[in-house]
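Beneath this line is the structure, given in structure tokens, with notes to follow.
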Amino acid sequence: MFSRSAALALFLSVLAPLAGMAGKAAAQVLTLKIAANVPPNSPWDIGLLRLAAEFDRISGGRVRLSFPQSARMASEEDNIRRLRLGLDGAMLSSQGLAEIYPDSLALSLPGFIGDDAEFDAALKAVKPLIGAKLADRYVLLALSKGGWIRYFSTSPIRYPADLAGLRISIDQGNDRESRLLDSMGARLVPGSIADFLLQIGSGSVDGICQSPIYIAALWFQLRGKLRYMSEFKVAPFVGAMVVDASSWEKVPEELRPELGSAVQDMADSVGRETSALEAEAIASMDGLKVESEGPDAAPKWAEAIARRRESLIAPMFSAEMLQAIDGALAAARASKSERKSAEISPPSAPATPER
């Protein structure tokens with residue numbers, strides 16, 4: 001019979017390989033830390049939680065997502081710095097994406113993109129371009145719609161001429177939009193959204209260009225200070241998810257396509273939910289007037305952009321970015337025109353049978 005010591009040695013010899021296998025399996029779990037400064041319980045927040053579950057399901061637990069609380073409390077600029085110093089990825093807004101690829105701001109030019117169909121076409125056209133430009137450092141997993149930016153002001157803004165002389169609060173880092181608004185006669189006052197609360201309260205500014213969702217979240221502080229929102233959709237709000245290229249290379253190659261598709265699917269879903277949230281936000285702002293614009297408003301905004309195209313806008317962005325957007329918008333507008341023509345064309349009269 002075995003002695004107790006011999007039995008224990010045999011038992012440990014059996015367990016040792018199993019423990020090694022368990023340790024090896026644990027070591028194979030990759031956790032990607034993603035910076036996401038998004039409002040709690042918002043479509044973005046809920047979408048990221050769903051995405052984490054999808055990563056776990058698709059990878060069989062081998063690739064997981066985490067969203068550090070410290071990143072939720074940090075500014076987007078801080079998160080981009082952390083992305084360069086150890087975070088694996090980040091959710092970015094229009095301004096955040098512009099920090100790592102300035103050409104992307106062409107998507108947010110006031111009056112450039114007119115509606116959701118044009119926005120969808122433009123995003124589809126520029127995603128491969130932006131992805132290629134970032135490829136030496138980042139992988140662009142998704143571009144998404146985040147609603148529309150509108151003018152909020154103390155007096156109505158219906159046409160470009162209404163900007164003349166208005167004091168508009170604008171982020172200091174938004175140099176390109178600043179130059180465009182300046183060319184339309186607006187008086188620009190540097191400031192973040194936090195600064196704007198003090199600025200509008202003290203009467204030192206007349207308005208801001210911002211998402212209705214953000215303004216609605218602050219409406220208890222802004223009610224009575226802001227009176228008007230433009231019916232005109234100034235520019236689309238872009239969202240993006242990027243991952244450090246070296247971090248993405250750690251993901252098993254066979255999983256990357258499906259995980260990448262899951263990110264874009266989440267972004268598309270959040271984009272649809274954001275449209276509904278934006279409508280709810282606008283409806284919730286009691287006392288805010290939405291000034292109806294005339295049928296000549298959209299052409300006037302387009303004309304204002306066209307007049308500044310060669311002298312101001314073209315030098316700001318690469319030709320390939322502008323050409324990609326131009327091509328997408330031309331195709332979207334042609335399709336829209338064809339649909340309208342089909343709707344108003346009378347049905348063909350039935351042929352008279354021959355006798």
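Here, A, B, ... name the chains of the structure tokens in the order displayed, residue numbers run from 1 inside each chain, and ligands are numbered from 1 in the same displayed order.
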For stretch 15-102 of chain A versus stretch 242-256 of chain A, which residues have an atom no more than 6 Å away, and what is each residue's nearest atom pair and distance in Å rounded to one decimal, using only C-alpha atoms, chain-then-number order, as a Markdown table?
```
| residue | atom | partner | partner_atom | distance |
| --- | --- | --- | --- | --- |
| A:Asp88 | CA | A:Asp244 | CA | 5.4 |
| A:Gly89 | CA | A:Val243 | CA | 3.9 |
| A:Ala90 | CA | A:Val242 | CA | 5.6 |
```
Just to be explicit: take each residue in the selection above, keep C-alpha atoms, and write the result as a PDB file, in the first residue's frame.
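Writing the result to part36.pdb gives the following:
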```pdb
ATOM      1  CA  ASP A  88      -6.150  50.393 -25.321  1.00  0.00           C
ATOM      2  CA  GLY A  89      -8.880  52.470 -26.972  1.00  0.00           C
ATOM      3  CA  ALA A  90     -11.364  55.301 -26.672  1.00  0.00           C
TER       4      ALA A  90
END
```
- Message: Give me the residues near stretch 119-131 of chain A as a list in words, where near means some atom within 7 Å (using only C-alpha atoms) and where sequence neighbours in that chain fewer than 3 positions away do not count.
- Response: Ile113, Asp115, Asp116, Leu134, Ala135, Val139, Leu140, Leu143, Ala324, Ile325, Ala328, Leu329 and Ala332 of chain A
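Atom CA of A:Gly239 sits 12.3 Å away from atom CA of A:Glu76.
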- Item | Shell around stretch 70-72 of chain A at 8 Å using only C-alpha atoms, local window under 4 positions removed, as a PyMOL selection string | chain A and resi 35-38+79
- Query: Which residue out of A:Leu181, A:Leu97, A:Gln199, A:Leu87 has the minimum interatomic distance to A:Ala161 when only C-alpha atoms are used?
  - Reply: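 The closest residue to A:Ala161 is A:Leu181.
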- Smallest atom-to-atom distance to A:Asn174: which of A:Asp286, A:Pro212, A:Gln264, A:Leu188, using only C-alpha atoms?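 Ranked by minimum distance to A:Asn174, first place goes to A:Leu188.
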- Task: May I have all residues of stretch 115-244 of chain A that DSSP, computed from the backbone, assigns to helix (DSSP H, G or I), given as JSON, numbers by chain?
- Result: {"A": [116, 117, 118, 119, 120, 121, 122, 123, 124, 125, 126, 127, 128, 129, 130, 131, 132, 133, 134, 160, 161, 162, 163, 175, 176, 177, 178, 179, 180, 181, 182, 183, 193, 194, 195, 196, 197, 198, 199, 200, 201, 202, 212, 213, 214, 215, 216, 217, 219, 220, 221, 222]}
Leaving out stretch 154-156 of chain A and any residue of its chain fewer than 2 positions from it, which residues lie within 10 Å of it when counting only C-alpha atoms, given as an mmCIF file with N, CA and C atoms, in the first residue's frame?
```
data_model
loop_
_atom_site.group_PDB
_atom_site.id
_atom_site.type_symbol
_atom_site.label_atom_id
_atom_site.label_comp_id
_atom_site.auth_asym_id
_atom_site.auth_seq_id
_atom_site.Cartn_x
_atom_site.Cartn_y
_atom_site.Cartn_z
ATOM 1 N N TYR A 151 -27.991 75.739 -33.512
ATOM 2 C CA TYR A 151 -27.709 77.006 -32.844
ATOM 3 C C TYR A 151 -28.728 77.231 -31.740
ATOM 4 N N PHE A 152 -28.246 77.550 -30.549
ATOM 5 C CA PHE A 152 -29.085 77.964 -29.430
ATOM 6 C C PHE A 152 -28.701 79.404 -29.095
ATOM 7 N N ARG A 158 -31.892 82.103 -38.417
ATOM 8 C CA ARG A 158 -32.527 81.360 -39.516
ATOM 9 C C ARG A 158 -31.619 81.294 -40.741
ATOM 10 N N TYR A 159 -30.866 82.362 -40.963
ATOM 11 C CA TYR A 159 -30.028 82.493 -42.157
ATOM 12 C C TYR A 159 -28.597 82.833 -41.744
ATOM 13 N N ASP A 162 -27.949 86.142 -40.059
ATOM 14 C CA ASP A 162 -28.349 86.340 -38.664
ATOM 15 C C ASP A 162 -27.188 86.166 -37.689
ATOM 16 N N LEU A 163 -26.079 85.582 -38.162
ATOM 17 C CA LEU A 163 -24.908 85.403 -37.301
ATOM 18 C C LEU A 163 -24.118 86.692 -37.119
ATOM 19 N N LEU A 166 -23.385 88.484 -33.661
ATOM 20 C CA LEU A 166 -23.729 87.666 -32.494
ATOM 21 C C LEU A 166 -22.466 87.132 -31.819
ATOM 22 N N ILE A 200 -23.380 82.753 -20.561
ATOM 23 C CA ILE A 200 -24.764 83.115 -20.876
ATOM 24 C C ILE A 200 -25.443 83.725 -19.652
ATOM 25 N N GLY A 203 -24.430 87.306 -19.482
ATOM 26 C CA GLY A 203 -24.778 88.102 -20.653
ATOM 27 C C GLY A 203 -23.604 88.444 -21.548
ATOM 28 N N VAL A 205 -22.284 86.345 -23.798
ATOM 29 C CA VAL A 205 -22.440 85.705 -25.104
ATOM 30 C C VAL A 205 -23.921 85.671 -25.468
ATOM 31 N N ASP A 206 -24.186 85.463 -26.770
ATOM 32 C CA ASP A 206 -25.565 85.415 -27.264
ATOM 33 C C ASP A 206 -26.002 84.013 -27.660
ATOM 34 N N GLY A 207 -25.053 83.075 -27.762
ATOM 35 C CA GLY A 207 -25.457 81.744 -28.192
ATOM 36 C C GLY A 207 -24.304 80.777 -28.287
ATOM 37 N N ILE A 208 -24.644 79.571 -28.708
ATOM 38 C CA ILE A 208 -23.676 78.483 -28.835
ATOM 39 C C ILE A 208 -24.167 77.526 -29.906
ATOM 40 N N GLY A 224 -34.795 80.243 -19.657
ATOM 41 C CA GLY A 224 -34.950 81.678 -19.493
ATOM 42 C C GLY A 224 -33.769 82.484 -20.003
ATOM 43 N N LYS A 225 -32.640 81.797 -20.220
ATOM 44 C CA LYS A 225 -31.446 82.488 -20.732
ATOM 45 C C LYS A 225 -31.294 82.277 -22.233
ATOM 46 N N LEU A 226 -31.623 81.069 -22.679
ATOM 47 C CA LEU A 226 -31.665 80.773 -24.113
ATOM 48 C C LEU A 226 -33.121 80.754 -24.552
ATOM 49 N N ARG A 227 -33.425 81.413 -25.656
ATOM 50 C CA ARG A 227 -34.825 81.501 -26.082
ATOM 51 C C ARG A 227 -35.099 80.753 -27.381
ATOM 52 N N TYR A 228 -34.069 80.565 -28.224
ATOM 53 C CA TYR A 228 -34.314 80.030 -29.567
ATOM 54 C C TYR A 228 -33.360 78.882 -29.901
ATOM 55 N N MET A 229 -33.875 77.949 -30.692
ATOM 56 C CA MET A 229 -33.058 76.919 -31.316
ATOM 57 C C MET A 229 -33.315 76.975 -32.816
ATOM 58 N N SER A 230 -32.238 76.884 -33.596
ATOM 59 C CA SER A 230 -32.411 76.920 -35.043
ATOM 60 C C SER A 230 -33.087 75.646 -35.540
ATOM 61 N N GLU A 231 -34.046 75.801 -36.439
ATOM 62 C CA GLU A 231 -34.592 74.623 -37.109
ATOM 63 C C GLU A 231 -33.526 74.023 -38.019
ATOM 64 N N LYS A 289 -38.086 78.240 -28.177
ATOM 65 C CA LYS A 289 -38.776 78.427 -29.450
ATOM 66 C C LYS A 289 -37.909 77.883 -30.589
ATOM 67 N N VAL A 290 -38.526 77.094 -31.442
ATOM 68 C CA VAL A 290 -37.844 76.614 -32.643
ATOM 69 C C VAL A 290 -38.391 77.424 -33.806
ATOM 70 N N GLU A 291 -37.563 78.315 -34.300
ATOM 71 C CA GLU A 291 -38.013 79.218 -35.356
ATOM 72 C C GLU A 291 -38.055 78.506 -36.702
ATOM 73 N N SER A 292 -39.220 78.492 -37.333
ATOM 74 C CA SER A 292 -39.348 77.850 -38.642
ATOM 75 C C SER A 292 -38.579 78.652 -39.683
ATOM 76 N N GLU A 293 -37.850 77.943 -40.504
ATOM 77 C CA GLU A 293 -37.097 78.606 -41.560
ATOM 78 C C GLU A 293 -37.872 78.532 -42.869
#
```
- Exercise: A:Ser93 partners within 6 Å, only C-alpha atoms, chain neighbours under 2 positions left out, as a PyMOL selection string: chain A and resi 95-96+238-239
Got time to write the residues from that selection, N, CA and C atoms, as a compact mmCIF listing (two decimals), in the first residue's frame?
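Contents of the output file selection-v3.txt:
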```
# COMPACT_ATOMS: atom_id res chain seq x y z
N GLN A 95 -14.84 66.33 -31.92
CA GLN A 95 -13.64 67.05 -31.52
C GLN A 95 -12.51 66.11 -31.14
N GLY A 96 -12.84 65.00 -30.47
CA GLY A 96 -11.81 64.04 -30.09
C GLY A 96 -11.18 63.38 -31.31
N VAL A 238 -20.43 63.56 -34.81
CA VAL A 238 -19.82 62.28 -35.16
C VAL A 238 -19.27 61.59 -33.92
N GLY A 239 -19.46 60.29 -33.85
CA GLY A 239 -18.84 59.49 -32.81
C GLY A 239 -17.90 58.47 -33.44
```
- Hey, what's within 12 Å of A:Gly61 if we count only C-alpha atoms and toss same-chain stuff fewer than 4 positions away? As a VMD selection string, please? chain A and resid 25 to 31 52 to 57 65 251 255
Take the residues from that selection and write them out as a tab-separated table (two decimals), in the first residue's frame, keeping C-alpha atoms.
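The result, written out as part_14.tsv:
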```
chain	number	residue	atom	x	y	z
A	25	ALA	CA	-6.17	29.67	-20.01
A	26	ALA	CA	-6.33	32.63	-17.64
A	27	ALA	CA	-3.28	34.17	-19.26
A	28	GLN	CA	-5.01	34.01	-22.63
A	29	VAL	CA	-7.83	36.35	-21.58
A	30	LEU	CA	-7.24	39.76	-23.14
A	31	THR	CA	-8.96	42.75	-21.54
A	52	ALA	CA	-18.90	44.15	-23.78
A	53	ALA	CA	-21.36	41.24	-23.62
A	54	GLU	CA	-20.99	40.68	-27.37
A	55	PHE	CA	-17.17	40.59	-27.12
A	56	ASP	CA	-17.46	38.01	-24.35
A	57	ARG	CA	-19.92	35.91	-26.38
A	65	LEU	CA	-13.85	45.09	-22.68
A	251	VAL	CA	-6.67	40.04	-30.39
A	255	LEU	CA	-11.80	37.01	-34.10
```
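Of the listed residues (A:Ser153, A:Ser169, A:Ser42, A:Ser75), A:Ser169 comes nearest to A:Phe196; the distances count only C-alpha atoms.
Picture a line from atom CA of A:Ser211 to atom CA of A:Ile149; it runs 4.4 Å.
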- Calculate how many Å separate atom CA of A:Phe112 from atom CA of A:Ala235, rounding to one decimal.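 For atom CA of A:Phe112 relative to atom CA of A:Ala235, the distance reads 7.2 Å.
Among the candidates A:Lys233, A:Lys133, A:Arg223, A:Arg339, the one nearest to A:Arg150 when counting only C-alpha atoms is A:Lys233.
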- Every residue of stretch 159-339 of chain A that DSSP places in strand (DSSP E), as JSON, numbers by chain: {"A": [167, 168, 169, 170, 187, 188, 189, 190, 207, 208, 209, 210, 228, 229, 230, 235, 236, 237, 238, 239, 240, 241, 242, 243, 244, 289, 290, 291]}
- Residue among A:Leu141, A:Leu105, A:Ala304, A:Ala186 lying closest to A:Pro257, counting only C-alpha atoms: A:Leu141
- Query: Which of these residues is nearest to A:Glu280, using only C-alpha atoms: A:Arg176, A:Val234, A:Lys300, A:Ala216?
  - Reply: A:Ala216
- Message: Just want the 12 Å neighbourhood of A:Arg307, counted on only C-alpha atoms, with same-chain residues fewer than 5 positions away dropped. Output as a VMD selection string.
- Response: chain A and resid 180 183 to 184 300 to 302 312 to 314
For the residues in the current selection, export C-alpha atoms as a PDB file, in the first residue's frame.
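The file below, selection-v2.pdb, is the result:
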```pdb
ATOM      1  CA  LEU A 180     -15.704  79.868 -40.828  1.00  0.00           C
ATOM      2  CA  SER A 183     -16.028  84.913 -41.940  1.00  0.00           C
ATOM      3  CA  MET A 184     -19.826  85.087 -41.520  1.00  0.00           C
ATOM      4  CA  LYS A 300     -28.682  80.254 -48.434  1.00  0.00           C
ATOM      5  CA  TRP A 301     -26.628  78.170 -46.010  1.00  0.00           C
ATOM      6  CA  ALA A 302     -25.349  76.060 -48.936  1.00  0.00           C
ATOM      7  CA  LEU A 312     -11.356  79.304 -46.863  1.00  0.00           C
ATOM      8  CA  ILE A 313     -12.510  75.681 -46.713  1.00  0.00           C
ATOM      9  CA  ALA A 314     -10.272  73.997 -49.306  1.00  0.00           C
TER      10      ALA A 314
END
```
